[in-house]
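I have placed the structure first, in the form of structure tokens, so that the comments after it can refer back to it.
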Amino acid sequence: MDGCNSSKLDPSKGNQVVENQGSTSNPILLLLRPRLKCDVCREGSTCRAADKKGLQRLETVTRQEVSVWSKRTLIGRLREEHVQVREMGLELEALGDLALHVILSKLGPKDTARAACVSNKLRSSASDDSLWSNFCSQDLDLNRPLDPLGNPTPSFKETYQIWREAFSMYPWPLVMRVKRCWGRLKNWLGINFPEAEATLRKGAAEADIQQLETILKVKLPLPTRILYRFYDGQEFVVRQSARGTSLGLIGGYSFYDHLVNVYLLPLSEVILQTKAIIHHLGFSSRSKYIVVAASTYVRKLFFLNCTTGQLHVGTANLPSDGEMMPCVPDRLISSVHDFKGDQQQDAMLLWLEEHGRRLENGIIKLREEENIRSISLFPEEPPLCSTAITNGVKVRASAVFIPEAADLQNDDAKYAFSYSIRISLQPEGCIIDGIPFGSCQLYLRHWIIRAYDRIVSKVNDEAVIGKVNFVQSIILI
């Protein structure tokens with residue numbers, strides 16, 4: 001029943017009353033849920049209306065499902081349970097405000113909202129904005145009352161309600177996860193790279209996402225839909241150079257004349273690039289791939305498979321035969337179109353979460369060259385790089401995979417990497433025979449490059465080609 005009862009009949013078990021499978025042993029919830037479901041019962045009432053409503057529904061159930069049962073027995077149990085609930089309510093209302101605050105904070109937002117339906121006192125306690133401030137912090141990582149577009153709201157309680165309504169069509173645990181993902185990225189950008197943070201577009205509307213799906217004839221995975229609801233990719237007002245921008249959220253690398261800097265495409269550009277590139281590559285019009293990220297320098301493209309949720313990156317053979325490779329292990333992707341589950345994750349979300357983790361942990365950092373800053377994907381922390389200090393001189397060797405140069409059809413060129421060597425002096429300087437020096441000069445270099453513990457290349461030459469070979473304290477080469 002939807003009235004003040006938590007039991008149901010099971011004709012297959014001899015017309016016994018079977019406890020609702022969704023019930024709970026939590027006495028607070030046992031108190032709140034029956035009163036919440038009674039849409040006619042209000043504070044201080046005797047709930048006769050609820051009994052009458054329950055009787056009417058019982059008559060319907062009896063006619064349809066139960067041939068032999070005592071209505072009087074069922075209604076008696078209904079009233080007995082409701083009296084017990086009311087007695088528990090009186091005991092709960094006798095508690096002090098602090099005790100009620102602690103109880104409600106343990107219940108969480110959903111059951112706190114239910115508690116507000118029980119009595120005037122619980123309604124007052126459940127409306128405490130400090131309570132909702134805690135919920136906004138836990139679920140949405142908010143320390144100020146802001147709506148999904150960043151506009152201020154009158155209270156944290158109203159903030160939480162606005163967020164729930166704005167994302168009511170999506171699984172709430174997934175919304176919270178995406179919010180945390182973007183929160184970490186935004187926090188790092190705000191502190192370290194504000195000029196890149198300024199390029200993030202405001203979140204896309206549901207209508208914008210539906211328009212993309214209609215034009216491209218795809219269905220976006222749930223995590224990607226929510227990612228775009230928060231921020232609709234990046235937009236660059238002024239180009240930093242003739243070749244593009246260095247403000248890509250994903251970042252990149254450079255070696256010789258090969259420069260890569262990857263940014264997230266806004267939905268409007270996803271549509272344009274997907275239509276142009278898919279047609280150029282000769283993919284079927286029924287293809288479920290869309291372009292979601294690209295480099296503004298060397299052509300590097302990321303494709304999202306909207307059916308499987310996998311993210312792919314183009315290889316050297318992409319222009320000729322559409323060759324791509326996956327970015328995330330398939331086993332990590334699950335339930336990308338399941339609205340009812342709680343384990344949804346596609347490669348796009350996993351990719352951004354890992355990127356945010358590397359930024360936060362300092363594994364990848366900003367790099368500045370010729371007064372232009374960008375995110376460098378060369379790892380800066382072990383075990384993803386190697387470091388050694390000799391006589392106060394620190395040498396860091398790092399490598400990054402270059403998928404756009406890989407040829408999966410050629411065993412000798414299947415995987416391509418670029419390496420970076422950085423040399424710096426420790427604060428105490430270069431120490432020779434116990435004497436510290438504030439600078440030193442590099443004359444020779446000897447690199448040994450290994451793959452799977454096999455030496456694949458050696459470099460033995462003078463100094464560093466094309467770079468300054470004079471090292472001073474804290475100056476990197």
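For the structure tokens, the naming scheme is as follows: chains receive sequential letters (A, B, ...) according to their order of presentation, residues are indexed from 1 within each chain, and ligands are indexed from 1 in presentation order.
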Open item on the list: Which residues are close to Leu264 in chain A, i.e. within 6 Å by only C-alpha atoms, leaving aside same-chain residues fewer than 6 positions away? Reply as a ChimeraX atom specification.
Closed with: /A:233-234,293
Tell me, counting only C-alpha atoms, for each residue of range 221-294 of chain A within 9 Å of range 319-326 of chain A, which pair of atoms is nearest and how far apart they are in Å to one decimal, in rows ordered by chain and increasing number, as a tab-separated table.
residue	atom	partner	partner_atom	distance
A:His280	CA	A:Pro319	CA	8.2
A:Leu281	CA	A:Gly322	CA	6.0
A:Gly282	CA	A:Gly322	CA	8.1
A:Phe283	CA	A:Gly322	CA	8.0
- [ ] Tell me, as a ChimeraX atom specification, which residues lie within 12 Å of Ile432 in chain A, counting only C-alpha atoms; anything in the same chain fewer than 6 positions away does not count.
- [x] /A:390-393,438-440
What parts of range 210-381 of chain A does DSSP call strand (DSSP E or B)? I'd like the answer as a tab-separated table (two decimals) with all heavy atoms, in the first residue's frame.
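In the end it all went to part_9.tsv:
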chain	number	residue	atom	x	y	z
A	231	TYR	N	30.58	21.34	-18.43
A	231	TYR	CA	31.39	22.25	-19.25
A	231	TYR	C	31.37	21.78	-20.70
A	231	TYR	O	31.69	20.63	-21.00
A	231	TYR	CB	32.84	22.32	-18.75
A	231	TYR	CG	32.95	22.94	-17.38
A	231	TYR	CD1	33.12	22.15	-16.25
A	231	TYR	CD2	32.83	24.32	-17.21
A	231	TYR	CE1	33.18	22.70	-14.98
A	231	TYR	CE2	32.89	24.89	-15.94
A	231	TYR	CZ	33.06	24.07	-14.83
A	231	TYR	OH	33.11	24.63	-13.59
A	232	ASP	N	31.00	22.70	-21.57
A	232	ASP	CA	30.87	22.38	-22.99
A	232	ASP	C	32.20	22.61	-23.70
A	232	ASP	O	32.36	23.49	-24.56
A	232	ASP	CB	29.78	23.25	-23.61
A	232	ASP	CG	29.53	22.92	-25.08
A	232	ASP	OD1	30.03	21.87	-25.53
A	232	ASP	OD2	28.87	23.72	-25.77
A	233	GLY	N	33.22	21.82	-23.33
A	233	GLY	CA	34.51	21.90	-23.99
A	233	GLY	C	35.23	23.22	-23.75
A	233	GLY	O	34.98	23.92	-22.76
A	234	GLN	N	36.14	23.55	-24.66
A	234	GLN	CA	36.94	24.77	-24.55
A	234	GLN	C	36.72	25.68	-25.75
A	234	GLN	O	36.45	25.21	-26.86
A	234	GLN	CB	38.43	24.42	-24.46
A	234	GLN	CG	38.84	23.71	-23.18
A	234	GLN	CD	40.33	23.44	-23.14
A	234	GLN	OE1	40.77	22.36	-23.51
A	234	GLN	NE2	41.12	24.42	-22.71
A	241	SER	N	49.35	31.83	-31.40
A	241	SER	CA	50.31	31.81	-32.49
A	241	SER	C	49.59	31.40	-33.75
A	241	SER	O	48.41	31.04	-33.72
A	241	SER	CB	51.45	30.83	-32.20
A	241	SER	OG	50.98	29.49	-32.28
A	244	GLY	N	48.24	27.76	-33.52
A	244	GLY	CA	47.22	27.34	-32.56
A	244	GLY	C	47.48	27.87	-31.18
A	244	GLY	O	48.20	28.85	-30.98
A	251	GLY	N	46.74	19.07	-22.72
A	251	GLY	CA	48.17	19.36	-22.84
A	251	GLY	C	48.82	18.58	-23.96
A	251	GLY	O	48.16	18.07	-24.87
A	252	GLY	N	50.15	18.46	-23.90
A	252	GLY	CA	50.84	17.76	-24.98
A	252	GLY	C	52.33	17.67	-24.76
A	252	GLY	O	52.81	17.56	-23.62
A	253	TYR	N	53.09	17.76	-25.86
A	253	TYR	CA	54.53	17.56	-25.83
A	253	TYR	C	55.10	18.15	-27.11
A	253	TYR	O	54.37	18.49	-28.06
A	253	TYR	CB	54.87	16.07	-25.74
A	253	TYR	CG	53.94	15.20	-26.55
A	253	TYR	CD1	54.11	15.04	-27.92
A	253	TYR	CD2	52.86	14.56	-25.93
A	253	TYR	CE1	53.25	14.26	-28.66
A	253	TYR	CE2	51.99	13.79	-26.67
A	253	TYR	CZ	52.18	13.63	-28.04
A	253	TYR	OH	51.31	12.87	-28.78
A	254	SER	N	56.42	18.27	-27.15
A	254	SER	CA	57.07	18.76	-28.35
A	254	SER	C	58.45	18.14	-28.49
A	254	SER	O	59.12	17.87	-27.50
A	254	SER	CB	57.20	20.30	-28.31
A	254	SER	OG	58.04	20.69	-27.25
A	255	PHE	N	58.84	17.88	-29.72
A	255	PHE	CA	60.18	17.44	-30.05
A	255	PHE	C	60.45	17.81	-31.50
A	255	PHE	O	59.60	17.61	-32.37
A	255	PHE	CB	60.36	15.93	-29.81
A	255	PHE	CG	59.36	15.06	-30.52
A	255	PHE	CD1	59.66	14.50	-31.75
A	255	PHE	CD2	58.12	14.80	-29.96
A	255	PHE	CE1	58.76	13.69	-32.41
A	255	PHE	CE2	57.20	13.99	-30.62
A	255	PHE	CZ	57.51	13.43	-31.85
A	258	HIS	N	57.68	18.84	-34.03
A	258	HIS	CA	56.44	18.13	-33.74
A	258	HIS	C	55.84	18.68	-32.44
A	258	HIS	O	56.32	18.39	-31.35
A	258	HIS	CB	56.74	16.62	-33.59
A	258	HIS	CG	55.51	15.76	-33.55
A	258	HIS	ND1	55.06	15.05	-34.63
A	258	HIS	CD2	54.64	15.49	-32.55
A	258	HIS	CE1	53.97	14.37	-34.31
A	258	HIS	NE2	53.70	14.62	-33.03
A	259	LEU	N	54.78	19.48	-32.56
A	259	LEU	CA	54.14	20.09	-31.39
A	259	LEU	C	52.70	19.59	-31.27
A	259	LEU	O	51.94	19.61	-32.25
A	259	LEU	CB	54.13	21.61	-31.51
A	259	LEU	CG	55.42	22.35	-31.12
A	259	LEU	CD1	56.45	22.21	-32.23
A	259	LEU	CD2	55.13	23.82	-30.87
A	260	VAL	N	52.36	19.15	-30.09
A	260	VAL	CA	51.00	18.66	-29.82
A	260	VAL	C	50.45	19.35	-28.58
A	260	VAL	O	51.14	19.45	-27.56
A	260	VAL	CB	51.00	17.12	-29.61
A	260	VAL	CG1	49.66	16.66	-29.04
A	260	VAL	CG2	51.30	16.40	-30.91
A	261	ASN	N	49.23	19.84	-28.67
A	261	ASN	CA	48.54	20.40	-27.51
A	261	ASN	C	47.05	20.13	-27.68
A	261	ASN	O	46.41	20.68	-28.59
A	261	ASN	CB	48.80	21.90	-27.37
A	261	ASN	CG	48.34	22.44	-26.03
A	261	ASN	OD1	47.21	22.89	-25.89
A	261	ASN	ND2	49.22	22.38	-25.03
A	262	VAL	N	46.50	19.26	-26.84
A	262	VAL	CA	45.15	18.73	-27.04
A	262	VAL	C	44.15	19.50	-26.19
A	262	VAL	O	44.37	19.75	-25.00
A	262	VAL	CB	45.10	17.23	-26.69
A	262	VAL	CG1	43.68	16.69	-26.83
A	262	VAL	CG2	46.06	16.45	-27.60
A	263	TYR	N	43.03	19.85	-26.80
A	263	TYR	CA	41.95	20.54	-26.10
A	263	TYR	C	40.63	19.79	-26.31
A	263	TYR	O	40.51	18.97	-27.24
A	263	TYR	CB	41.82	21.99	-26.57
A	263	TYR	CG	41.28	22.16	-27.98
A	263	TYR	CD1	39.95	22.51	-28.20
A	263	TYR	CD2	42.11	21.97	-29.09
A	263	TYR	CE1	39.46	22.67	-29.49
A	263	TYR	CE2	41.62	22.13	-30.38
A	263	TYR	CZ	40.30	22.49	-30.57
A	263	TYR	OH	39.80	22.64	-31.84
A	264	LEU	N	39.65	20.06	-25.46
A	264	LEU	CA	38.33	19.43	-25.55
A	264	LEU	C	37.44	20.24	-26.48
A	264	LEU	O	37.32	21.46	-26.33
A	264	LEU	CB	37.69	19.32	-24.17
A	264	LEU	CG	38.38	18.43	-23.15
A	264	LEU	CD1	37.59	18.42	-21.84
A	264	LEU	CD2	38.52	17.00	-23.67
A	289	TYR	N	31.17	6.84	-34.20
A	289	TYR	CA	32.32	7.58	-33.70
A	289	TYR	C	32.08	9.08	-33.82
A	289	TYR	O	31.56	9.56	-34.83
A	289	TYR	CB	33.58	7.21	-34.49
A	289	TYR	CG	34.12	5.84	-34.20
A	289	TYR	CD1	33.85	4.76	-35.04
A	289	TYR	CD2	34.92	5.61	-33.08
A	289	TYR	CE1	34.35	3.49	-34.78
A	289	TYR	CE2	35.43	4.34	-32.81
A	289	TYR	CZ	35.14	3.30	-33.66
A	289	TYR	OH	35.64	2.04	-33.39
A	290	ILE	N	32.47	9.82	-32.80
A	290	ILE	CA	32.46	11.27	-32.86
A	290	ILE	C	33.82	11.79	-32.38
A	290	ILE	O	34.49	11.14	-31.58
A	290	ILE	CB	31.34	11.89	-32.00
A	290	ILE	CG1	31.53	11.56	-30.51
A	290	ILE	CG2	29.97	11.43	-32.47
A	290	ILE	CD1	30.56	12.30	-29.59
A	291	VAL	N	34.24	12.95	-32.88
A	291	VAL	CA	35.51	13.56	-32.49
A	291	VAL	C	35.27	14.41	-31.25
A	291	VAL	O	34.41	15.30	-31.25
A	291	VAL	CB	36.08	14.43	-33.62
A	291	VAL	CG1	37.46	14.97	-33.23
A	291	VAL	CG2	36.17	13.64	-34.90
A	292	VAL	N	36.00	14.14	-30.16
A	292	VAL	CA	35.77	14.86	-28.90
A	292	VAL	C	36.96	15.70	-28.46
A	292	VAL	O	36.82	16.59	-27.62
A	292	VAL	CB	35.38	13.88	-27.77
A	292	VAL	CG1	34.02	13.27	-28.02
A	292	VAL	CG2	36.45	12.80	-27.59
A	293	ALA	N	38.15	15.44	-29.00
A	293	ALA	CA	39.33	16.20	-28.62
A	293	ALA	C	40.30	16.22	-29.80
A	293	ALA	O	40.35	15.28	-30.60
A	293	ALA	CB	40.01	15.61	-27.39
A	294	ALA	N	41.09	17.30	-29.89
A	294	ALA	CA	42.03	17.43	-31.00
A	294	ALA	C	43.18	18.33	-30.60
A	294	ALA	O	43.11	19.07	-29.61
A	294	ALA	CB	41.31	18.01	-32.23
A	295	SER	N	44.25	18.26	-31.37
A	295	SER	CA	45.41	19.12	-31.16
A	295	SER	C	45.36	20.29	-32.13
A	295	SER	O	44.93	20.15	-33.28
A	295	SER	CB	46.71	18.33	-31.37
A	295	SER	OG	47.82	19.20	-31.36
A	301	LEU	N	43.86	13.32	-33.12
A	301	LEU	CA	42.41	13.27	-32.92
A	301	LEU	C	42.00	12.15	-31.98
A	301	LEU	O	42.56	11.05	-32.03
A	301	LEU	CB	41.70	13.08	-34.27
A	301	LEU	CG	41.91	14.18	-35.31
A	301	LEU	CD1	41.35	13.75	-36.66
A	301	LEU	CD2	41.28	15.49	-34.87
A	302	PHE	N	41.01	12.45	-31.14
A	302	PHE	CA	40.43	11.47	-30.23
A	302	PHE	C	38.97	11.24	-30.64
A	302	PHE	O	38.21	12.19	-30.80
A	302	PHE	CB	40.51	11.94	-28.79
A	302	PHE	CG	41.90	11.95	-28.22
A	302	PHE	CD1	42.74	13.03	-28.42
A	302	PHE	CD2	42.38	10.86	-27.50
A	302	PHE	CE1	44.03	13.04	-27.90
A	302	PHE	CE2	43.66	10.85	-26.98
A	302	PHE	CZ	44.49	11.94	-27.19
A	303	PHE	N	38.61	9.96	-30.77
A	303	PHE	CA	37.26	9.57	-31.18
A	303	PHE	C	36.57	8.81	-30.05
A	303	PHE	O	37.16	7.89	-29.47
A	303	PHE	CB	37.31	8.68	-32.42
A	303	PHE	CG	37.94	9.32	-33.63
A	303	PHE	CD1	39.32	9.34	-33.78
A	303	PHE	CD2	37.16	9.89	-34.61
A	303	PHE	CE1	39.91	9.91	-34.90
A	303	PHE	CE2	37.73	10.47	-35.74
A	303	PHE	CZ	39.12	10.49	-35.88
A	304	LEU	N	35.32	9.16	-29.79
A	304	LEU	CA	34.52	8.43	-28.80
A	304	LEU	C	33.54	7.52	-29.54
A	304	LEU	O	32.78	7.98	-30.39
A	304	LEU	CB	33.75	9.40	-27.90
A	304	LEU	CG	32.83	8.76	-26.85
A	304	LEU	CD1	33.66	8.03	-25.79
A	304	LEU	CD2	31.93	9.80	-26.20
A	305	ASN	N	33.57	6.23	-29.21
A	305	ASN	CA	32.60	5.29	-29.74
A	305	ASN	C	31.35	5.38	-28.86
A	305	ASN	O	31.36	4.94	-27.71
A	305	ASN	CB	33.16	3.87	-29.74
A	305	ASN	CG	32.24	2.87	-30.40
A	305	ASN	OD1	31.03	2.93	-30.25
A	305	ASN	ND2	32.81	1.94	-31.14
A	311	LEU	N	37.16	5.25	-25.86
A	311	LEU	CA	37.82	6.40	-26.46
A	311	LEU	C	39.01	5.90	-27.26
A	311	LEU	O	39.81	5.10	-26.77
A	311	LEU	CB	38.29	7.37	-25.37
A	311	LEU	CG	38.88	8.71	-25.83
A	311	LEU	CD1	37.79	9.59	-26.43
A	311	LEU	CD2	39.54	9.42	-24.65
A	312	HIS	N	39.14	6.37	-28.50
A	312	HIS	CA	40.21	5.94	-29.40
A	312	HIS	C	41.03	7.16	-29.83
A	312	HIS	O	40.52	8.27	-29.89
A	312	HIS	CB	39.65	5.25	-30.64
A	312	HIS	CG	38.89	4.00	-30.35
A	312	HIS	ND1	39.45	2.74	-30.44
A	312	HIS	CD2	37.61	3.80	-29.95
A	312	HIS	CE1	38.54	1.83	-30.13
A	312	HIS	NE2	37.41	2.44	-29.83
A	313	VAL	N	42.30	6.92	-30.14
A	313	VAL	CA	43.17	7.96	-30.68
A	313	VAL	C	43.71	7.49	-32.01
A	313	VAL	O	44.03	6.30	-32.18
A	313	VAL	CB	44.31	8.29	-29.69
A	313	VAL	CG1	45.19	7.08	-29.41
A	313	VAL	CG2	45.15	9.46	-30.20
A	314	GLY	N	43.79	8.41	-32.97
A	314	GLY	CA	44.25	8.06	-34.29
A	314	GLY	C	45.75	7.79	-34.34
A	314	GLY	O	46.53	8.40	-33.61
A	324	MET	N	42.98	3.27	-35.53
A	324	MET	CA	42.93	3.89	-34.21
A	324	MET	C	43.32	2.87	-33.16
A	324	MET	O	43.32	1.67	-33.43
A	324	MET	CB	41.53	4.44	-33.91
A	324	MET	CG	41.05	5.54	-34.84
A	324	MET	SD	39.40	6.15	-34.41
A	324	MET	CE	38.39	4.81	-35.04
A	325	MET	N	43.61	3.36	-31.95
A	325	MET	CA	43.89	2.45	-30.85
A	325	MET	C	43.11	2.93	-29.61
A	325	MET	O	42.90	4.13	-29.42
A	325	MET	CB	45.38	2.35	-30.54
A	325	MET	CG	46.06	3.65	-30.21
A	325	MET	SD	47.79	3.43	-29.70
A	325	MET	CE	48.40	2.33	-30.94
A	326	PRO	N	42.67	1.99	-28.76
A	326	PRO	CA	41.89	2.37	-27.57
A	326	PRO	C	42.76	3.08	-26.54
A	326	PRO	O	43.95	2.82	-26.42
A	326	PRO	CB	41.37	1.04	-27.04
A	326	PRO	CG	42.34	0.02	-27.55
A	326	PRO	CD	42.83	0.52	-28.87
A	334	SER	N	31.82	0.26	-18.34
A	334	SER	CA	30.62	-0.49	-17.98
A	334	SER	C	29.38	0.40	-17.99
A	334	SER	O	29.46	1.59	-17.68
A	334	SER	CB	30.78	-1.13	-16.60
A	334	SER	OG	30.90	-0.14	-15.60
A	345	GLN	N	30.52	4.00	-16.22
A	345	GLN	CA	31.75	4.74	-16.51
A	345	GLN	C	32.19	4.44	-17.93
A	345	GLN	O	32.30	3.28	-18.33
A	345	GLN	CB	32.85	4.40	-15.50
A	345	GLN	CG	33.22	2.94	-15.35
A	345	GLN	CD	34.27	2.72	-14.27
A	345	GLN	OE1	34.41	3.50	-13.34
A	345	GLN	NE2	35.03	1.66	-14.41
A	365	LYS	N	53.19	18.42	-15.26
A	365	LYS	CA	53.24	19.79	-14.77
A	365	LYS	C	53.20	20.78	-15.92
A	365	LYS	O	53.24	20.41	-17.09
A	365	LYS	CB	54.52	20.01	-13.95
A	365	LYS	CG	54.64	19.11	-12.73
A	365	LYS	CD	55.95	19.35	-11.99
A	365	LYS	CE	56.08	18.45	-10.77
A	365	LYS	NZ	57.35	18.67	-10.05
A	366	LEU	N	53.13	22.06	-15.55
A	366	LEU	CA	53.23	23.12	-16.54
A	366	LEU	C	54.67	23.26	-17.00
A	366	LEU	O	55.61	23.06	-16.23
A	366	LEU	CB	52.77	24.45	-15.94
A	366	LEU	CG	51.27	24.68	-15.79
A	366	LEU	CD1	51.03	26.04	-15.17
A	366	LEU	CD2	50.54	24.56	-17.11
A	367	ARG	N	54.83	23.64	-18.24
A	367	ARG	CA	56.16	23.94	-18.77
A	367	ARG	C	56.08	25.25	-19.55
A	367	ARG	O	55.09	25.50	-20.27
A	367	ARG	CB	56.63	22.81	-19.68
A	367	ARG	CG	58.07	23.00	-20.15
A	367	ARG	CD	58.55	21.81	-20.94
A	367	ARG	NE	59.94	21.94	-21.35
A	367	ARG	CZ	60.60	21.05	-22.06
A	367	ARG	NH1	59.98	19.93	-22.43
A	367	ARG	NH2	61.86	21.25	-22.40
A	368	GLU	N	57.07	26.09	-19.40
A	368	GLU	CA	57.07	27.39	-20.07
A	368	GLU	C	58.25	27.48	-21.03
A	368	GLU	O	59.40	27.23	-20.66
A	368	GLU	CB	57.16	28.51	-19.04
A	368	GLU	CG	57.08	29.90	-19.65
A	368	GLU	CD	56.96	31.00	-18.62
A	368	GLU	OE1	56.53	30.70	-17.47
A	368	GLU	OE2	57.29	32.15	-18.95
A	369	GLU	N	57.95	27.83	-22.27
A	369	GLU	CA	58.97	28.05	-23.28
A	369	GLU	C	58.62	29.32	-24.06
A	369	GLU	O	57.50	29.46	-24.54
A	369	GLU	CB	59.06	26.85	-24.24
A	369	GLU	CG	59.69	25.62	-23.63
A	369	GLU	CD	59.95	24.53	-24.66
A	369	GLU	OE1	59.72	24.80	-25.86
A	369	GLU	OE2	60.36	23.43	-24.26
A	372	ILE	N	55.48	31.13	-23.15
A	372	ILE	CA	54.20	30.46	-23.42
A	372	ILE	C	54.13	29.22	-22.53
A	372	ILE	O	55.00	28.36	-22.57
A	372	ILE	CB	54.08	30.06	-24.90
A	372	ILE	CG1	54.06	31.30	-25.78
A	372	ILE	CG2	52.81	29.23	-25.11
A	372	ILE	CD1	53.98	31.00	-27.26
A	373	ARG	N	53.07	29.16	-21.73
A	373	ARG	CA	52.90	28.04	-20.80
A	373	ARG	C	51.93	27.01	-21.36
A	373	ARG	O	50.96	27.35	-22.04
A	373	ARG	CB	52.39	28.55	-19.45
A	373	ARG	CG	53.29	29.59	-18.80
A	373	ARG	CD	53.06	29.67	-17.31
A	373	ARG	NE	51.67	29.95	-16.95
A	373	ARG	CZ	51.17	29.78	-15.73
A	373	ARG	NH1	51.95	29.33	-14.76
A	373	ARG	NH2	49.91	30.07	-15.47
A	374	SER	N	52.20	25.76	-21.03
A	374	SER	CA	51.31	24.67	-21.44
A	374	SER	C	51.52	23.49	-20.51
A	374	SER	O	52.52	23.41	-19.79
A	374	SER	CB	51.60	24.26	-22.89
A	374	SER	OG	52.91	23.73	-23.01
A	375	ILE	N	50.56	22.57	-20.52
A	375	ILE	CA	50.66	21.35	-19.73
A	375	ILE	C	51.52	20.35	-20.51
A	375	ILE	O	51.20	20.01	-21.65
A	375	ILE	CB	49.27	20.75	-19.46
A	375	ILE	CG1	48.45	21.71	-18.60
A	375	ILE	CG2	49.38	19.39	-18.77
A	375	ILE	CD1	47.00	21.27	-18.39
A	376	SER	N	52.61	19.92	-19.89
A	376	SER	CA	53.51	18.95	-20.52
A	376	SER	C	53.17	17.55	-20.04
A	376	SER	O	53.04	17.30	-18.85
A	376	SER	CB	54.96	19.28	-20.18
A	376	SER	OG	55.82	18.25	-20.64
Open item on the list: Just list as JSON, numbers by chain whatever in range 105-332 of chain A DSSP marks as alpha helix (DSSP H).
Closed with: {"A": [105, 106, 107, 109, 110, 111, 112, 113, 114, 115, 120, 121, 122, 123, 124, 125, 126, 129, 130, 131, 132, 133, 134, 135, 136, 137, 138, 139, 140, 156, 157, 158, 159, 160, 161, 162, 163, 164, 165, 166, 172, 173, 174, 175, 176, 177, 178, 179, 180, 181, 182, 183, 184, 185, 186, 187, 188, 189, 190, 191, 192, 194, 195, 196, 197, 206, 207, 208, 209, 210, 211, 212, 213, 214, 215, 216, 222, 223, 224, 225, 226, 227, 228, 229, 230, 267, 268, 269, 270, 271, 272, 273, 274, 275, 276, 277, 278, 279, 280, 281, 318, 319, 320, 321]}
Would you give me, as JSON lines, each residue of range 104-213 of chain A having an atom within 9 Å of an atom of range 224-229 of chain A, along with its shortest atom pair and that distance in Å to one decimal, using only C-alpha atoms and sorting by chain and residue number?
{"residue": "A:Pro148", "atom": "CA", "partner": "A:Arg229", "partner_atom": "CA", "distance": 8.8}
{"residue": "A:Phe167", "atom": "CA", "partner": "A:Ile226", "partner_atom": "CA", "distance": 8.5}
{"residue": "A:Tyr170", "atom": "CA", "partner": "A:Ile226", "partner_atom": "CA", "distance": 8.1}
{"residue": "A:Leu174", "atom": "CA", "partner": "A:Ile226", "partner_atom": "CA", "distance": 8.3}
{"residue": "A:Val175", "atom": "CA", "partner": "A:Ile226", "partner_atom": "CA", "distance": 6.8}
{"residue": "A:Val178", "atom": "CA", "partner": "A:Leu227", "partner_atom": "CA", "distance": 6.3}
{"residue": "A:Lys179", "atom": "CA", "partner": "A:Leu227", "partner_atom": "CA", "distance": 8.2}
{"residue": "A:Cys181", "atom": "CA", "partner": "A:Leu227", "partner_atom": "CA", "distance": 9.0}
{"residue": "A:Trp182", "atom": "CA", "partner": "A:Leu227", "partner_atom": "CA", "distance": 8.0}
{"residue": "A:Lys202", "atom": "CA", "partner": "A:Arg229", "partner_atom": "CA", "distance": 8.3}
{"residue": "A:Gly203", "atom": "CA", "partner": "A:Arg229", "partner_atom": "CA", "distance": 4.6}
{"residue": "A:Ala204", "atom": "CA", "partner": "A:Arg229", "partner_atom": "CA", "distance": 4.8}
{"residue": "A:Ala205", "atom": "CA", "partner": "A:Arg229", "partner_atom": "CA", "distance": 6.3}
{"residue": "A:Glu206", "atom": "CA", "partner": "A:Arg229", "partner_atom": "CA", "distance": 7.4}
{"residue": "A:Ile209", "atom": "CA", "partner": "A:Arg225", "partner_atom": "CA", "distance": 7.2}
Open item on the list: List the spatial neighbours of Ser420 in chain A as an MDAnalysis selection string - criterion: any atom at most 7 Å away, only C-alpha atoms, same-chain residues fewer than 4 positions off excluded.
Closed with: chainID A and resid 397:399
Just to be explicit: take each residue in the selection above, keep N, CA, C and O atoms, and write the result as a tab-separated table (two decimals), in the first residue's frame.
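Done, and the output landed in selection.tsv:
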chain	number	residue	atom	x	y	z
A	397	ALA	N	65.16	11.77	-16.76
A	397	ALA	CA	64.84	11.22	-18.08
A	397	ALA	C	63.39	10.77	-18.08
A	397	ALA	O	62.94	10.06	-17.17
A	398	SER	N	62.64	11.20	-19.09
A	398	SER	CA	61.21	10.91	-19.14
A	398	SER	C	60.81	10.61	-20.58
A	398	SER	O	61.42	11.12	-21.53
A	399	ALA	N	59.80	9.78	-20.76
A	399	ALA	CA	59.32	9.43	-22.10
A	399	ALA	C	57.81	9.46	-22.15
A	399	ALA	O	57.13	9.25	-21.13
TODO: May I have the residues within 10 Å of Ile364 in chain A as a PyMOL selection string, using only C-alpha atoms and disregarding those fewer than 4 positions away in the same chain?
DONE: chain A and resi 251+355-360+375-381
Task: Interatomic distance (Å, one decimal) between CA of Glu354 in chain A and CA of Gly150 in chain A - done: 24.9 Å
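Minimum distance to Tyr256 in chain A across A:Tyr419, A:Arg396, A:His279, A:Trp172 (counting only C-alpha atoms) occurs at A:Tyr419.
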- [ ] State, in Å with one decimal place, the distance from CA of Arg445 in chain A to CA of Leu425 in chain A.
- [x] 16.4 Å
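The smallest atom-to-atom distance between Val102 in chain A and any of A:Ile455, A:Ala115, A:Leu131, A:Leu222, using only C-alpha atoms, is found for A:Leu131.
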